[in-house]
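First up is the structure itself, then whatever we jot down about it.
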Amino acid sequence: MDASTINLLRNGSESEVEEILRKFNEQNAKTFTFSDLSDDLKEKIAESLLKHMTQKLSPRAQCLCLQTIRLFSREKTRLGSLVSDDTLAVLMRLAGLEHYSRQGEEESGITIQLGDSEVTIEAQKCLCNLIFNSAQAQAACSKNGCVEGIVQRLKTYKDPDLQFDIKFFDMRLLFLLTALCADTRPKIRFELHGFTYMIEVIDLIVREAESRSEGLTDQEVDLCSEILKILFNLTVTVDRNNLDEEEDAHMMRLVCVLRDLLLCTTASKDKREGILSHTVNLLINMPRDCYEELLAPMSEGEMGGFENKEVEYDGKNMEAIVILLNFLHDRMDRPTKSLKESLTPILHCLCETCRANRSIRKFCRAKVLPPLKDEVKHLPEEGNTLRNRLCKLLTSPILEVKELAADFLFVLCKESVQRMVKYTGYGNCAGLLANRGLLLGGQGQGDYSSDSEDSDTEDYSNLAENTPCFRVNPVTGRFEEDKAKPWEGMTDEQKEYEAMKLVNAMDKLNRAGIIQPSTLGEDGRPVPVSHILELMENQPNIPANQSDEEDE
């Protein structure tokens with residue numbers, strides 16, 4: 001766009017302006033940096049567009065002006081007057097937000113036709129780009145009534161005439177503001193009560209979807225996903241242990257709505273995973289006493305006529321928990337490169353829910369760690385069950401995944417070392433035990449019920465009785481044949497010779513930096529030694545094997 005074209009853009013008729021902008025927008029539809037335009041030329045174009053938008057133009061001409069601004073707003077630099085207070089105010093008016101933030105007041109300047117939905121949506125897109133790319137726009141929009149306008153319009157979402165795209169980009173704007181401007185979060189939660197309004201919008205969408213056989217439409221899933229992301233931002237810094245009665249009630253209500261959302265079907269399977277992911281992320285932020293809302297009590301009549309007994313436990317409907325476990329199983333099929341992003345949220349969520357709620361923990365244990373039978377003949381990490389796949393993650397190179405998988409299994413074992421070793425093998429869980437100072441055995445610090453019952457099945461118990469030459473190897477967690485001890489038949493001199501060979505080999509590896517020998521400190525954690533012979537000194541007193549603690 002040269003100087004003469006810009007001059008025509010500034011002073012030409014509406015039809016001439018439309019023709020210039022149409023060609024420019026078509027040519028630059030996929031452009032993200034306008035390196036061919038100097039700062040001065042770009043600024044002149046922006047000023048011309050702002051001038052036209054403050055005049056009475058047809059909706060078509062307004063849309064073309066806004067489309068050009070949207071293209072310019074893709075750049076992270078050289079935004080100039082696009083992020084000025086005047087430009088942002090005009091965009092707010094065109095987006096209809098000033099109408100809602102100042103209801104009842106006389107509007108000055110431009111006259112807004114709220115029926116021009118295309119203009120509204122284009123203005124919203126411009127604001128989204130500017131807020132995303134400019135700290136100046138973020139600061140301005142957090143104080144100029146933009147947030148208030150969005151929350152006010154949120155109250156009208158029941159109106160069937162309000163287009164989906166307007167709702168969607170409202171929520172996208174609010175997500176960006178809550179993500180990038182932390183000071184907007186308490187304003188939305190407490191002053192504007194936006195937290196409650198958004199919960200009720202999700203509830204309204206779910207209730208409408210339940211009345212249809214196909215479930216949530218793709219548009220409804222997209223809108224709910226944006227709202228869930230906002231609710232995550234509003235709760236991520238909340239002190240879950242220090243909520244007043246009203247806040248706790250809101251959290252309870254939210255978890256109840258999230259349960260309904262988990263159970264709601266979607267018209268598209270592709271959209272299902274996305275909304276489950278956002279729901280899981282939000283559940284992590286909830287106070288522990290709210291997880292009870294994920295369960296629904298079942299009457300005797302319901303239990304008697306319930307077709308799928310797999311979701312009933314202790315008189316409660318565990319369907320939401322089944323969905324979370326299935327989601328975990330599905331996520332394990334992801335490529336290794338994306339395991340951290342795909343597995344850490346759901347593992348964290350299950351850890352929190354199981355640690356907080358006894359019924360959820362016992363149900364998950366029945367599904368993930370059922371009583372052992374013939375599978376004890378194989379390594380814990382061999383197979384395709386949830387137990388097998390979680391045990392395999394215990395040696396994952398991805399630290400976060402490894403630690404969360406270990407924590408989840410440890411919680412299911414009520415933080416009992418003996419029980420953890422039984423289901424995973426000492427070798428697989430050694431990292432967790434070392435980190436928690438439990439290499440010598442014992443019990444974690446979790447607060448769990450003391451009632452328990454024997455989990456050994458008849459098949460498991462009979463293995464040792466019927467095959468005296470076999471035993472469960474606690475290191476591998478597998479039923480193996482007893483092997484002859486390599487030192488049997490050796491003289492004391494031979495044993496000493498072999499021991500010194502081992503010491504020398506370990507010392508060589510230690511000096512090469514390949515291994516770091518350690519002994520156990522008083523806290524049960526590994527303490528590095530400077531020389532191999534130190535392993536023979538100050539050995540801790542390992543308690544005699546106690547009778548196996550009864551499992552649940």
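By order of appearance in the structure tokens: chains A, B, ..., then residues from 1 within every chain, and ligands from 1 in the order shown.
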
So that I can check the secondary structure, give me every residue of region 47-265 of chain A assigned helix (DSSP H, G or I) by backbone DSSP, as a PyMOL selection string.
chain A and resi 47-53+59-72+80-83+85-94+97-101+117-133+135-141+146-154+164-180+184-191+194-210+218-235+245-263

Measuring atom to atom with only C-alpha atoms, identify which of A:Phe479, A:Phe169, A:Phe410, A:Tyr197 is nearest to Gln443 (chain A).
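Result for the nearest residue to Gln443 (chain A): A:Phe410.
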
Point out the residue among A:His193, A:His531, A:Arg525, A:Arg259 with the least atom-to-atom distance to Leu276 (chain A), counting only C-alpha atoms.
A:Arg259

Using only C-alpha atoms, find the one residue out of A:Arg172, A:Lys422, A:Lys392, A:Lys483 that sits nearest to Leu127 (chain A).
A:Arg172

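Using only C-alpha atoms, the residues found no farther than 7 Å from region 35-43 of chain A, other than those of its own chain fewer than 5 positions away, are Arg78, Gly80 and Ser81 of chain A.
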
Would you export the selected residues with all heavy atoms as an mmCIF file, in the first residue's frame, please?
```cif
data_model
loop_
_atom_site.group_PDB
_atom_site.id
_atom_site.type_symbol
_atom_site.label_atom_id
_atom_site.label_comp_id
_atom_site.auth_asym_id
_atom_site.auth_seq_id
_atom_site.Cartn_x
_atom_site.Cartn_y
_atom_site.Cartn_z
ATOM 1 N N ARG A 78 5.302 -2.872 16.974
ATOM 2 C CA ARG A 78 4.819 -1.820 16.070
ATOM 3 C C ARG A 78 3.290 -1.703 16.077
ATOM 4 O O ARG A 78 2.656 -1.508 15.056
ATOM 5 C CB ARG A 78 5.292 -2.075 14.642
ATOM 6 C CG ARG A 78 6.803 -2.205 14.487
ATOM 7 C CD ARG A 78 7.227 -2.069 13.039
ATOM 8 N NE ARG A 78 6.493 -2.943 12.157
ATOM 9 C CZ ARG A 78 6.263 -2.686 10.868
ATOM 10 N NH1 ARG A 78 6.695 -1.562 10.341
ATOM 11 N NH2 ARG A 78 5.614 -3.540 10.124
ATOM 12 N N GLY A 80 1.693 0.619 17.945
ATOM 13 C CA GLY A 80 1.453 2.062 17.918
ATOM 14 C C GLY A 80 0.107 2.484 18.464
ATOM 15 O O GLY A 80 -0.296 2.122 19.580
ATOM 16 N N SER A 81 -0.619 3.244 17.639
ATOM 17 C CA SER A 81 -1.908 3.801 18.082
ATOM 18 C C SER A 81 -2.993 2.743 18.218
ATOM 19 O O SER A 81 -4.074 3.026 18.747
ATOM 20 C CB SER A 81 -2.370 4.876 17.091
ATOM 21 O OG SER A 81 -2.566 4.329 15.803
#
```
